[in-house]
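For reference, the structure is listed below as structure tokens.
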Protein chains: 2
Amino acid sequence: MPSKIRPIIMCGGAGTMLWPTSRNSLPKQFAMLLGERSTFQDTVLRLRHKLFDRPIILTNHTHRVLAEKQLAEISASADIVLEPERRDSGPAILAGCMVAASQDADTTVLVVASDHVVTDPAAFRSAVANGLSAARARRLVTFGITARHACTEYGWIEPGVVLEGEARRVERFAEKPDGHRAAEYLLKGWLWNSGNFLFGAKTLIEEYRSFEPATVKAVEAALANGRDEDGAFALALADFVKAEKRSIDFAVMERTERAAVVATSCGWSDVGNWDALWALSDHDGSGNARRGNVELFDAHNCLVSTDGPMTSVLGVEDLIVVASRDAVLVADRNRAAEVKQVVELLRSKGCSQAETHASVQYAWGSYQIVDSGEGFQVKRLVVAPRGRLSLQKHRFRSEHWVVVRGTATVTIDETIGRFGRSEHIFIPLGAAHQLENSGIEPLELISVQNGSYLGEDDVIRVDAAQHWV
Amino acid sequence: MPSKIRPIIMCGGAGTMLWPTSRNSLPKQFAMLLGERSTFQDTVLRLRHKLFDRPIILTNHTHRVLAEKQLAEISASADIVLEPERRDSGPAILAGCMVAASQDADTTVLVVASDHVVTDPAAFRSAVANGLSAARARRLVTFGITARHACTEYGWIEPGVVLEGEARRVERFAEKPDGHRAAEYLLKGWLWNSGNFLFGAKTLIEEYRSFEPATVKAVEAALANGRDEDGAFALALADFVKAEKRSIDFAVMERTERAAVVATSCGWSDVGNWDALWALSDHDGSGNARRGNVELFDAHNCLVSTDGPMTSVLGVEDLIVVASRDAVLVADRNRAAEVKQVVELLRSKGCSQAETHASVQYAWGSYQIVDSGEGFQVKRLVVAPRGRLSLQKHRFRSEHWVVVRGTATVTIDETIGRFGRSEHIFIPLGAAHQLENSGIEPLELISVQNGSYLGEDDVIRVDAAQHWV
């Protein structure tokens, strides 16, 4: 019996097309865009099937904690590989294939994005099964989506003669077309390029080597010099940066003679912008998609979403309205693709909302800045059961903590104590302290911090074992 | 030399047309809609002139503190009369006239709204001066605005023959017309009805008595049975509620034979909705008016205002976007008049944002709820220099205070202490306590409150002298 397919889940992106919901501090793949799970979680669950082996997740140091938390929420586990720097998809996929091949030289891998939606997972798995004979015949199989309309937002694939099974030769990869060309492609039966792949790990490495031998060497070295980091495998930065920053499409797929395509209708979307999310969402009788505390009055074909202020919309159509505690976006739905440029402009103006959410996730839980002013800030910390922050001290601030839920176990210098609801703890400037939730319910506390500098980098770790403060 | 004109400034409204900026907790007349002063303040300043005497301000218990604070900010003083309940404009104006007449039987009063904009105050004052001879000849003078366009949002006045000075007879008051009629009125030289009036206090009372004698009796009794309340005069509720709830227009102006009109072009607007505010605001090269942390990308003829989240707008036109910490409104600018209905619907759904702001103003300063959850809430209190809260206690909550600016003088039961920045004070459940800022800079503190009930009504005042908690 042939071995199972090894999923490689690409999870290192930080897309800005769905700003302000998706930001570097909580990128699209981890956000609850549709329903109660993230697309990352849905991707993992889609591959929880006898066809597939334990997944390899490619992410980075920043997003590792989010990936681990979200895996735990769905009781899933995976091998985690950390990219020390973004070098586009090529080197990351290559690294994933090398990890898979090091464990089983003949393994077949399925490379999938973690921020796509597939409404028919069974159809997707069938397509993968249909591509297996081609992948085992050393083809690089991509998945082409049966086109539903003349889309200008996707690349297209021209399918050719049948090769193995249902896989056909790729005659051509076409860039995102204009409307005229897209209509032509649709008529000719071309397929949307989904950017998911199935191939032998070894085949991909060989092809990569023939086109970009230096990158293969760089990634081999990044693996050889990489190290375990609390159970994840971190590629070595000094080597990885020598890999050519190039997508797998340009590095291999558009150069190889071995490209094949399997067509599928699995309800796929890359949720590339707010308009795409609107199209995927449930609509009311007026074509509106809504999420959160929203009231609509004579609105049509709008997407209105809030996780903060109550949001009312009156007498408009084809609008995207996304509100959060610290940022609001209002955009013509037909211009959703330009949100990327908006975020770039905001970033260039030094606007923190372009990158960071008011709420920040850590392994131990999360915090949110609820108020701030000159020389002070107020945070709400939520510490998960058994969560523990590092033993730390601050050079420039003292902190007053008030427990508002659960029980805090607090170490300050040589003393340790337990504090229940409505109790107060003072952390003097310079005192070594540690916060832990040894209870079974979440611990919440309000921290009022006073000091001349309140940045997150004024944290001196006293024990180096904890990485997330 | 004849006595000066006594302004009666109507300040009891709580308009919802400019929601979410204008709410019951900070109505339109007190909001900084244009520039750095409220329309209430601009109204008071417009009448700070040798023509005018000390103003009488008609407001209510809820808004009195706002009026006093805003008067203090512009170093103005006034006689304040409190309506115990809203009975439309008629009884309030009648009460104002009775107060004025009780001090000077022959006084002429100018009744002005506090939520209108007048861009040419000198022209307005000239119009008042021009109406004086008619008012002294026992006319009820209204001010008609030379129409700038065929407006359907205002009532119109048909002017007739010249009476005294520049005052002409009112031939007819016309309701808000449809577009066709408005065009006709414009052609005929009719005037917009501004709803501001000049008349002898005695004349108004006499006319009122002839049309609504019961209301005159009710208001006389409300005055006779009214009482001083910390320097303001509070009309007696039991009597005032017997006054017919009717506007001055229906109660008197449309019935009297004595109505006269003085035309003026003083740049008047009642800022009746967001569209009107947009028209009055400074515009950028694309016709946009903006306020607060706003970024516009290819937006045209929009009003975008925020006092909370950073707000980005992309590729839209003719939109109203108003954001605050707890509510966002997005509306077609041409449907701004429907915001009133939106707020009514929100109110009927029990939505607190329809009525109340997250930040609440008091005589001693203000507070803002910055975070809340089950069994706790976090407030930031700002106490003005010399500000003092009442001596009070709570039945259902304890409070932890942390000073983040200035110095707090705190009494807890029998002890009194002073606390500086980053110091902590605990207020046990049931303890009588008082907070005071005896310093010269503002005092700010964070209050973390824990308890089974956290409503504003769990405040037991220990000294009854303070009304604002």
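We name chains A, B, ... following the order of the structure tokens; residues begin at 1 in each chain, and ligands are numbered from 1 as shown.
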Identify every residue of chain B that has at least one atom within 8 Å of any atom of chain A, counting only C-alpha atoms, and report the result as a PyMOL selection string.
chain B and resi 297+308-316+323-332+335+339+342+353+370-371+375-376+398+400+402+404+421-422+424+446+448-450
Just the selected residues (C-alpha atoms), exported as a short mmCIF file (atom, residue, chain, number, x, y, z; two decimals), in the first residue's frame, please.
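Saved to again.cif:
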```
data_model
loop_
_atom_site.label_atom_id
_atom_site.label_comp_id
_atom_site.auth_asym_id
_atom_site.auth_seq_id
_atom_site.Cartn_x
_atom_site.Cartn_y
_atom_site.Cartn_z
CA PHE B 297 -8.59 57.77 -1.28
CA GLY B 308 -12.45 57.38 17.67
CA PRO B 309 -11.16 54.79 15.20
CA MET B 310 -8.89 55.84 12.35
CA THR B 311 -11.19 55.99 9.33
CA SER B 312 -10.24 55.22 5.72
CA VAL B 313 -12.54 55.77 2.79
CA LEU B 314 -11.91 54.44 -0.71
CA GLY B 315 -13.54 55.18 -4.04
CA VAL B 316 -16.92 56.50 -2.91
CA ALA B 323 -17.18 57.04 13.50
CA SER B 324 -16.81 57.04 17.24
CA ARG B 325 -15.54 54.57 19.79
CA ASP B 326 -18.88 52.82 20.13
CA ALA B 327 -20.87 53.61 16.97
CA VAL B 328 -20.36 54.05 13.25
CA LEU B 329 -22.78 55.55 10.74
CA VAL B 330 -22.44 55.20 6.97
CA ALA B 331 -25.18 56.90 4.96
CA ASP B 332 -25.96 58.27 1.54
CA ARG B 335 -30.62 60.61 2.62
CA VAL B 339 -30.90 59.39 10.18
CA VAL B 342 -32.48 55.16 12.03
CA GLN B 353 -25.72 53.99 21.53
CA VAL B 370 -12.90 52.09 28.59
CA ASP B 371 -13.53 48.41 29.21
CA GLY B 375 -18.88 41.72 36.91
CA PHE B 376 -16.40 44.49 36.20
CA SER B 398 -15.68 47.89 45.32
CA HIS B 400 -9.57 50.20 42.79
CA VAL B 402 -4.89 54.25 40.17
CA VAL B 404 -2.33 58.39 36.22
CA ARG B 421 0.71 59.49 39.99
CA SER B 422 0.92 55.68 39.96
CA HIS B 424 -3.34 53.11 44.30
CA ILE B 446 -8.35 54.68 36.25
CA VAL B 448 -11.44 49.28 38.12
CA GLN B 449 -14.83 48.39 39.56
CA ASN B 450 -15.84 44.90 40.64
#
```
Env of B:His300: 6 Å cut, atoms = only C-alpha atoms, seq-sep filter 6 positions within chain, self excluded. Answer as a list in words.
Ser286, Gly287, Asn288 and Glu317 of chain B
Would you mind exporting N, CA, C and O atoms of the selected residues as an mmCIF file, in the first residue's frame?
```cif
data_model
loop_
_atom_site.group_PDB
_atom_site.id
_atom_site.type_symbol
_atom_site.label_atom_id
_atom_site.label_comp_id
_atom_site.auth_asym_id
_atom_site.auth_seq_id
_atom_site.Cartn_x
_atom_site.Cartn_y
_atom_site.Cartn_z
ATOM 1 N N SER B 286 -11.708 67.912 -3.613
ATOM 2 C CA SER B 286 -12.680 66.942 -4.124
ATOM 3 C C SER B 286 -14.032 67.082 -3.440
ATOM 4 O O SER B 286 -14.876 66.188 -3.533
ATOM 5 N N GLY B 287 -14.227 68.177 -2.736
ATOM 6 C CA GLY B 287 -15.532 68.414 -2.114
ATOM 7 C C GLY B 287 -15.757 67.665 -0.823
ATOM 8 O O GLY B 287 -16.890 67.578 -0.344
ATOM 9 N N ASN B 288 -14.688 67.121 -0.230
ATOM 10 C CA ASN B 288 -14.851 66.372 1.018
ATOM 11 C C ASN B 288 -14.647 67.263 2.242
ATOM 12 O O ASN B 288 -13.762 68.121 2.243
ATOM 13 N N GLU B 317 -18.514 58.283 -3.278
ATOM 14 C CA GLU B 317 -18.917 59.681 -3.332
ATOM 15 C C GLU B 317 -20.245 59.889 -2.622
ATOM 16 O O GLU B 317 -21.012 58.949 -2.433
#
```
For stretch 413-415 of chain A, find every residue with an atom within 9 Å (counting only C-alpha atoms), except residues of its own chain fewer than 4 positions away, and show them as number ranges by chain.
A: 431-434
Counting only C-alpha atoms, the residue among B:Leu34, B:Ala354, B:Ala337, B:Ala263 that lies closest to B:Ala14 is B:Ala354
Taking the DSSP secondary structure from the backbone, can you list the residues of stretch 59-283 of chain B that are alpha helix (DSSP H), as a ChimeraX atom specification?
/B:64-73,89-103,121-136,179-188,201-211,213-224,237-240,248,274-280
Write out as a PDB file with C-alpha atoms, in the first residue's frame the residues lying within 7 Å of stretch 172-181 of chain A, counting only C-alpha atoms and excluding same-chain residues fewer than 3 positions away.
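After the write, result_6.pdb holds the following:
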```pdb
ATOM      1  CA  ALA A 150     -14.570  35.441 -16.714  1.00  0.00           C
ATOM      2  CA  THR A 152      -9.718  38.866 -13.993  1.00  0.00           C
ATOM      3  CA  GLU A 153      -8.436  38.336 -10.449  1.00  0.00           C
ATOM      4  CA  TYR A 154      -6.927  34.876 -11.038  1.00  0.00           C
ATOM      5  CA  GLY A 155      -4.249  33.439 -13.288  1.00  0.00           C
ATOM      6  CA  TRP A 156      -5.564  30.858 -15.786  1.00  0.00           C
ATOM      7  CA  ILE A 157      -4.303  27.487 -17.042  1.00  0.00           C
ATOM      8  CA  GLU A 158      -4.705  26.114 -20.542  1.00  0.00           C
ATOM      9  CA  GLU A 184     -11.991  34.178 -24.256  1.00  0.00           C
ATOM     10  CA  TYR A 185     -10.372  31.839 -21.691  1.00  0.00           C
ATOM     11  CA  GLU A 254       6.298  27.883 -15.477  1.00  0.00           C
TER      12      GLU A 254
END
```
Taking 5 positions as the minimum chain separation for residues in the same chain, which residues sit within 8 Å of B:Ala95 when counting only C-alpha atoms? Answer as number ranges by chain.
B: 219-220, 223
Write to file, as a tab-separated table (two decimals), in the first residue's frame, the residues of the selection just made, with all heavy atoms.
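Listing of again09.tsv after writing:
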```
chain	number	residue	atom	x	y	z
B	219	VAL	N	-47.83	77.79	33.12
B	219	VAL	CA	-46.43	78.26	33.18
B	219	VAL	C	-46.26	79.28	34.30
B	219	VAL	O	-45.24	79.29	35.00
B	219	VAL	CB	-45.99	78.81	31.81
B	219	VAL	CG1	-44.59	79.39	31.87
B	219	VAL	CG2	-46.06	77.69	30.75
B	220	GLU	N	-47.29	80.12	34.52
B	220	GLU	CA	-47.23	81.05	35.66
B	220	GLU	C	-47.07	80.28	36.97
B	220	GLU	O	-46.25	80.63	37.81
B	220	GLU	CB	-48.50	81.91	35.71
B	220	GLU	CG	-48.47	83.08	34.74
B	220	GLU	CD	-49.81	83.82	34.65
B	220	GLU	OE1	-50.86	83.23	35.02
B	220	GLU	OE2	-49.80	84.96	34.17
B	223	LEU	N	-43.66	78.79	37.41
B	223	LEU	CA	-42.71	79.81	37.87
B	223	LEU	C	-42.92	80.10	39.36
B	223	LEU	O	-41.95	80.16	40.13
B	223	LEU	CB	-42.90	81.10	37.08
B	223	LEU	CG	-42.09	81.20	35.79
B	223	LEU	CD1	-42.72	82.21	34.84
B	223	LEU	CD2	-40.65	81.60	36.11
```
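Residue nearest A:Asp239, chosen from A:Lys217, A:Lys69, A:Arg418, A:Arg87 and counting only C-alpha atoms: A:Lys217.
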